[in-house]
Amino acid sequence: MPDNTKDTLDQVYSLIANEEDARACTDIPDEACREVPRNFFLIMGSNVLTKLGDLLVSPKTVLAWLLSAVGAPALVAWLVPIRESGSMIPQMVIGAWVRRKPVRKWFWTLGSFGQAASVGGMAASIWFLDGYAAGYGVIIALVLFSLARGFCSVSMKDVQGKCIPKKRRGRLSGLASTIGGTATVILTLLLFWNRGDPGLLFYTLLLLLAAGLWVIAGLLFASVDEYEGETGGGGSALKQAVQSLSLLRDDPPFRHFVITRALLLCSALAAPYFVVLAQGANDSGMLLGVFLLASSLASSVSASVWGWMADDSSRKVMIRGALIASAACLTVGLVAWQFGSSAWVGWFYPAGFFVLSIAHAGVRLGRKTYLVDMAGGNKRTDYTSVSNTVIGVLLLVTGGLTALVSMISEVAVILMLGLMGLAGAISAVGLADVTND
């Protein structure tokens with residue numbers, strides 16, 4: 001890299017890090033410390049592109065609306081559980097494999113390319129198939145998308161922990177979410193401004209655009225200067241994965257974190273039901289753009305704030321995010337229960353979705369930062385893979401439970417998840433504060 005470019009990166013990083021010495025590090029080796037500014041922006045750029053892609057193919061908004069548009073609305077209930085659990089359940093095996101490699105950025109690059117191919121498969125499904133055939137094609141592609149995402153999830157936390165020092169990881173994630181959210185706001189306005197119900201070609205091009213973003217993100221991440229780290233021993237990946245489950249028994253702080261994280265699933269599971277309620281009250285195609293805009297704005301206005309707060313205390317961020325999510329669910333649920341037949345209420349749901357999205361950004365960023373900070377070396381990889389696998393299983397169980405409750409009403413589901421978020425906030429209060437350890 002030319003010296004003038006490197007100096008510019010150092011200066012910008014110094015402003016972001018708010019320190020005189022942009023390379024001040026506390027928990028990573030000196031050789032890695034020298035590359036922090038460059039790696040910070042490469043990782044942030046990759047995250048920005050994938051977050052933009054995530055918003056363009058969000059199961060909570062775009063895919064939920066898309067399945068209804070192609071005539072497969074009954075499959076909407078499974079979008080979030082499959083999208084999340086498919087990337088989490090195999091992670092103990094993936095983690096055991098990843099830990100053997102001293103350089104792990106290539107797993108993230110591979111996962112990013114895999115997600116691009118899967119989103120391309122979604123585009124092909126809705127273009128060449130109809131009805132439930134198109135819907136099942138999207139679901140199958142979503143399963144493959146989630147599996148590829150598992151490689152990114154395990155390797156990202158490990159690479160970030162090796163390349164970015166403590167008290168800078170939260171703001172990296174926060175800035176990436178803010179920039180990605182802002183870009184999505186602009187893109188949403190360009191795509192949906194003065195537009196009626198989007199047609200099939202529009203959805204197809206939207207998915208192909210997202211696929212291209214993952215390809216570029218993978219190329220950027222491949223340029224990260226990652227130094228070799230710890231590696232695990234021999235044995236099969238499956239055997240090591242089973243052995244890793246003992247962490248739940250032998251590590252009380254980690255077990256407490258997993259329980260808390262399970263309760264905080266409410267912020268992710270509730271969102272599609274806000275969309276379903278809105279569709280029932282007002283089937284205007286413009287509402288998709290409004291929901292996407294609400295999600296984008298929530299990321300752009302809140303993520304950096306959450307990121308800086310997480311560098312101070314990721315535990316407090318989880319508590320605050322959980323309380324806001326609980327309040328949003330309980331408020332929307334009660335309003336829908338009392339005023340569900342009113343004409344104005346269809347436009348109230350995007351406002352509730354906006355607040356819930358802000359809360360989810362905090363919950364997600366807080367628990368990611370907490371997990372990275374609470375462990376180092378291979379333990380970080382084990383914590384990530386075990387917690388994600390357990391949460392993936394619980395997501396399917398909770399998804400099945402919410403599907404049963406939704407047979408009563410969507411309002412009952414939202415109220416149940418609101419109480420679940422309140423329990424998560426109470427559980428997070430008892431976690432240790434690991435940020436300053």
# chains A, B, ... in the order shown; residues from 1 in each chain; ligands from 1

$ residues_around --residues "A:Thr369" --least-positions-apart "3" --cutoff "12 Å" --atoms "only C-alpha atoms" --output "PDB file with C-alpha atoms, in the first residue's frame"
ATOM      1  CA  MET A 156     -15.716 -13.042  11.566  1.00  0.00           C
ATOM      2  CA  LYS A 157     -15.623 -12.911  15.350  1.00  0.00           C
ATOM      3  CA  ASP A 158     -12.284 -14.697  15.384  1.00  0.00           C
ATOM      4  CA  GLN A 160     -12.046  -9.383  14.271  1.00  0.00           C
ATOM      5  CA  GLY A 161     -10.719 -10.480  17.672  1.00  0.00           C
ATOM      6  CA  ILE A 164      -9.069  -5.232  16.005  1.00  0.00           C
ATOM      7  CA  PRO A 165      -8.281  -4.312  19.647  1.00  0.00           C
ATOM      8  CA  LYS A 166     -10.785  -4.136  22.483  1.00  0.00           C
ATOM      9  CA  LYS A 167     -12.853  -0.952  22.767  1.00  0.00           C
ATOM     10  CA  ARG A 168     -12.737  -0.572  18.967  1.00  0.00           C
ATOM     11  CA  ARG A 169     -14.823  -3.597  17.933  1.00  0.00           C
ATOM     12  CA  GLY A 170     -18.181  -2.165  18.905  1.00  0.00           C
ATOM     13  CA  ARG A 171     -17.685   1.042  16.952  1.00  0.00           C
ATOM     14  CA  LEU A 172     -16.492  -0.943  13.905  1.00  0.00           C
ATOM     15  CA  SER A 173     -19.767  -2.897  13.873  1.00  0.00           C
ATOM     16  CA  GLY A 174     -21.751   0.212  14.679  1.00  0.00           C
ATOM     17  CA  TRP A 306     -25.075   1.313  20.063  1.00  0.00           C
ATOM     18  CA  GLY A 307     -21.498   0.599  18.923  1.00  0.00           C
ATOM     19  CA  TRP A 308     -19.946   3.331  21.052  1.00  0.00           C
ATOM     20  CA  MET A 309     -22.129   2.288  23.990  1.00  0.00           C
ATOM     21  CA  ALA A 310     -21.050  -1.346  23.540  1.00  0.00           C
ATOM     22  CA  ASP A 311     -17.396  -0.334  23.802  1.00  0.00           C
ATOM     23  CA  ASP A 312     -18.298   1.116  27.209  1.00  0.00           C
ATOM     24  CA  SER A 313     -20.523  -1.793  28.313  1.00  0.00           C
ATOM     25  CA  SER A 314     -21.944  -4.380  25.911  1.00  0.00           C
ATOM     26  CA  ARG A 315     -23.979  -5.823  28.795  1.00  0.00           C
ATOM     27  CA  LYS A 316     -25.868  -2.543  29.268  1.00  0.00           C
ATOM     28  CA  VAL A 317     -26.525  -2.392  25.533  1.00  0.00           C
ATOM     29  CA  MET A 318     -28.208  -5.810  25.669  1.00  0.00           C
ATOM     30  CA  GLY A 362     -28.751  -2.920  20.008  1.00  0.00           C
ATOM     31  CA  VAL A 363     -29.435  -6.501  21.082  1.00  0.00           C
ATOM     32  CA  ARG A 364     -27.498  -7.923  18.140  1.00  0.00           C
ATOM     33  CA  LEU A 365     -24.503  -5.597  18.438  1.00  0.00           C
ATOM     34  CA  GLY A 366     -24.402  -5.891  22.219  1.00  0.00           C
ATOM     35  CA  VAL A 372     -15.903 -11.326  21.459  1.00  0.00           C
ATOM     36  CA  ASP A 373     -14.799  -9.567  24.649  1.00  0.00           C
ATOM     37  CA  MET A 374     -15.508 -12.399  27.075  1.00  0.00           C
ATOM     38  CA  ALA A 375     -13.018 -14.858  25.523  1.00  0.00           C
ATOM     39  CA  ARG A 380     -13.627 -17.342  21.299  1.00  0.00           C
ATOM     40  CA  THR A 384     -19.214 -18.600  19.087  1.00  0.00           C
ATOM     41  CA  ASP A 433     -19.451  -6.741  32.662  1.00  0.00           C
ATOM     42  CA  VAL A 434     -16.574  -8.055  30.506  1.00  0.00           C
ATOM     43  CA  THR A 435     -15.785  -4.933  28.462  1.00  0.00           C
TER      44      THR A 435
END

$ residues_around --residues "stretch 296-300 of chain A" --least-positions-apart "6" --cutoff "7 Å" --atoms "only C-alpha atoms" --output "PyMOL selection string"
chain A and resi 177-179+181-182+184-185+354+357-358+361

$ closest_residue --among "A:Val413, A:Leu52, A:Leu142, A:Leu110" --to "A:Leu187" --atoms "only C-alpha atoms"
A:Leu52

$ closest_residue --among "A:Ala268, A:Ile319, A:Leu431, A:Leu207" --to "A:Arg255" --atoms "only C-alpha atoms"
A:Leu431

$ residues_around --residues "A:Leu417" --least-positions-apart "4" --cutoff "7 Å" --atoms "only C-alpha atoms" --output "compact mmCIF listing (two decimals) with N, CA and C atoms, in the first residue's frame"
# COMPACT_ATOMS: atom_id res chain seq x y z
N CYS A 266 -36.55 -12.61 20.87
CA CYS A 266 -37.84 -11.95 20.63
C CYS A 266 -37.73 -10.84 19.59
N ALA A 270 -40.24 -11.36 16.29
CA ALA A 270 -41.48 -10.57 16.26
C ALA A 270 -41.65 -9.78 14.97
N CYS A 329 -43.02 -4.52 21.30
CA CYS A 329 -43.92 -5.66 21.07
C CYS A 329 -45.21 -5.52 21.88
N VAL A 413 -48.92 -13.84 19.42
CA VAL A 413 -47.49 -14.09 19.23
C VAL A 413 -46.67 -12.88 19.66
N GLY A 421 -38.94 -10.84 25.82
CA GLY A 421 -37.89 -9.81 25.82
C GLY A 421 -37.69 -9.22 27.20

$ residues_around --residues "A:Cys152" --least-positions-apart "3" --cutoff "8 Å" --atoms "only C-alpha atoms" --output "PDB file with C-alpha atoms, in the first residue's frame"
ATOM      1  CA  PHE A 107     -13.680 -19.111   5.551  1.00  0.00           C
ATOM      2  CA  TRP A 108     -15.444 -15.742   5.598  1.00  0.00           C
ATOM      3  CA  THR A 109     -14.643 -15.142   1.920  1.00  0.00           C
ATOM      4  CA  GLY A 111     -19.131 -17.967   3.021  1.00  0.00           C
ATOM      5  CA  SER A 112     -19.677 -14.619   1.322  1.00  0.00           C
ATOM      6  CA  ALA A 148     -22.819 -20.345   3.965  1.00  0.00           C
ATOM      7  CA  ARG A 149     -23.512 -17.662   6.538  1.00  0.00           C
ATOM      8  CA  SER A 155     -14.714 -16.731  11.291  1.00  0.00           C
ATOM      9  CA  MET A 156     -15.716 -13.042  11.566  1.00  0.00           C
TER      10      MET A 156
END

$ atom_distance --atom1 "atom CA of A:Ser223" --atom2 "atom CA of A:Ser87"
24.1 Å

$ atom_distance --atom1 "atom CA of A:Leu219" --atom2 "atom CA of A:Ser295"
26.6 Å

$ residues_around --residues "A:Thr188" --least-positions-apart "6" --cutoff "8 Å" --atoms "only C-alpha atoms" --output "PyMOL selection string"
chain A and resi 289+292-293

$ closest_residue --among "A:Leu175, A:Val98, A:Ala69, A:Leu213" --to "A:Leu49" --atoms "only C-alpha atoms"
A:Leu213

$ closest_residue --among "A:Leu415, A:Val103, A:Leu208, A:Ala176" --to "A:Tyr273" --atoms "only C-alpha atoms"
A:Leu415

$ residues_around --residues "A:Leu401" --least-positions-apart "2" --cutoff "12 Å" --atoms "only C-alpha atoms" --output "list in words"
Ala77, Trp78, Pro81, Leu269, Leu394, Leu395, Leu396, Val397, Thr398, Gly399, Ala403, Leu404, Val405, Ser406, Met407, Ile408, Ala412, Val413, Met416 and Leu417 of chain A

$ residues_around --residues "stretch 244-248 of chain A" --least-positions-apart "5" --cutoff "7 Å" --atoms "only C-alpha atoms" --output "list in words"
Phe254, Arg255, Asp382 and Val386 of chain A

$ select_by_dssp --residues "stretch 331-423 of chain A" --states "alpha helix (DSSP H)" --output "ChimeraX atom specification"
/A:331-339,348-373,377-406,410-423

$ write_last_selection --atoms "C-alpha atoms" --output "short mmCIF file (atom, residue, chain, number, x, y, z; two decimals), in the first residue's frame"
data_model
loop_
_atom_site.label_atom_id
_atom_site.label_comp_id
_atom_site.auth_asym_id
_atom_site.auth_seq_id
_atom_site.Cartn_x
_atom_site.Cartn_y
_atom_site.Cartn_z
CA THR A 331 -47.36 -1.68 22.64
CA VAL A 332 -48.00 -2.93 19.10
CA GLY A 333 -49.73 -6.04 20.41
CA LEU A 334 -52.09 -4.04 22.62
CA VAL A 335 -52.82 -1.49 19.87
CA ALA A 336 -53.60 -4.28 17.39
CA TRP A 337 -55.82 -5.98 19.95
CA GLN A 338 -57.82 -2.85 20.71
CA PHE A 339 -57.76 -0.97 17.38
CA PHE A 348 -48.88 2.41 12.80
CA TYR A 349 -47.12 -0.93 12.35
CA PRO A 350 -44.13 0.46 10.38
CA ALA A 351 -43.57 2.93 13.25
CA GLY A 352 -43.52 0.04 15.72
CA PHE A 353 -41.27 -1.89 13.35
CA PHE A 354 -38.86 1.06 13.32
CA VAL A 355 -38.59 1.04 17.13
CA LEU A 356 -38.23 -2.76 17.17
CA SER A 357 -35.45 -2.53 14.56
CA ILE A 358 -33.56 -0.02 16.71
CA ALA A 359 -33.88 -2.41 19.65
CA HIS A 360 -32.78 -5.39 17.58
CA ALA A 361 -29.70 -3.49 16.37
CA GLY A 362 -28.75 -2.92 20.01
CA VAL A 363 -29.43 -6.50 21.08
CA ARG A 364 -27.50 -7.92 18.14
CA LEU A 365 -24.50 -5.60 18.44
CA GLY A 366 -24.40 -5.89 22.22
CA ARG A 367 -24.37 -9.67 22.34
CA LYS A 368 -21.79 -9.91 19.49
CA THR A 369 -19.43 -7.48 21.23
CA TYR A 370 -20.00 -9.22 24.58
CA LEU A 371 -19.08 -12.60 23.12
CA VAL A 372 -15.90 -11.33 21.46
CA ASP A 373 -14.80 -9.57 24.65
CA GLY A 377 -7.92 -17.39 21.26
CA ASN A 378 -9.63 -20.67 20.42
CA LYS A 379 -12.05 -20.16 23.30
CA ARG A 380 -13.63 -17.34 21.30
CA THR A 381 -14.23 -19.73 18.38
CA ASP A 382 -15.68 -22.37 20.73
CA TYR A 383 -17.96 -19.84 22.45
CA THR A 384 -19.21 -18.60 19.09
CA SER A 385 -19.86 -22.02 17.56
CA VAL A 386 -21.47 -23.58 20.66
CA SER A 387 -23.73 -20.61 21.41
CA ASN A 388 -24.81 -20.29 17.78
CA THR A 389 -25.56 -24.00 17.47
CA VAL A 390 -27.66 -24.03 20.64
CA ILE A 391 -29.48 -20.85 19.61
CA GLY A 392 -30.11 -22.33 16.16
CA VAL A 393 -31.89 -25.33 17.67
CA LEU A 394 -33.87 -23.09 20.02
CA LEU A 395 -34.86 -20.90 17.07
CA LEU A 396 -36.52 -23.85 15.34
CA VAL A 397 -38.28 -24.82 18.57
CA THR A 398 -39.40 -21.25 19.20
CA GLY A 399 -40.39 -20.87 15.56
CA GLY A 400 -42.62 -23.93 15.86
CA LEU A 401 -44.13 -22.55 19.07
CA THR A 402 -44.85 -19.16 17.51
CA ALA A 403 -46.38 -20.90 14.48
CA LEU A 404 -48.78 -22.72 16.84
CA VAL A 405 -49.60 -19.55 18.76
CA SER A 406 -50.15 -17.69 15.47
CA GLU A 410 -50.60 -12.80 15.36
CA VAL A 411 -51.36 -10.46 18.27
CA ALA A 412 -50.90 -13.32 20.75
CA VAL A 413 -47.49 -14.09 19.23
CA ILE A 414 -46.32 -10.47 19.54
CA LEU A 415 -47.49 -10.20 23.16
CA MET A 416 -45.77 -13.49 24.03
CA LEU A 417 -42.51 -12.31 22.47
CA GLY A 418 -42.79 -8.99 24.32
CA LEU A 419 -42.86 -10.83 27.65
CA MET A 420 -39.95 -12.96 26.48
CA GLY A 421 -37.89 -9.81 25.82
CA LEU A 422 -38.64 -8.53 29.31
CA ALA A 423 -37.33 -11.80 30.76
#
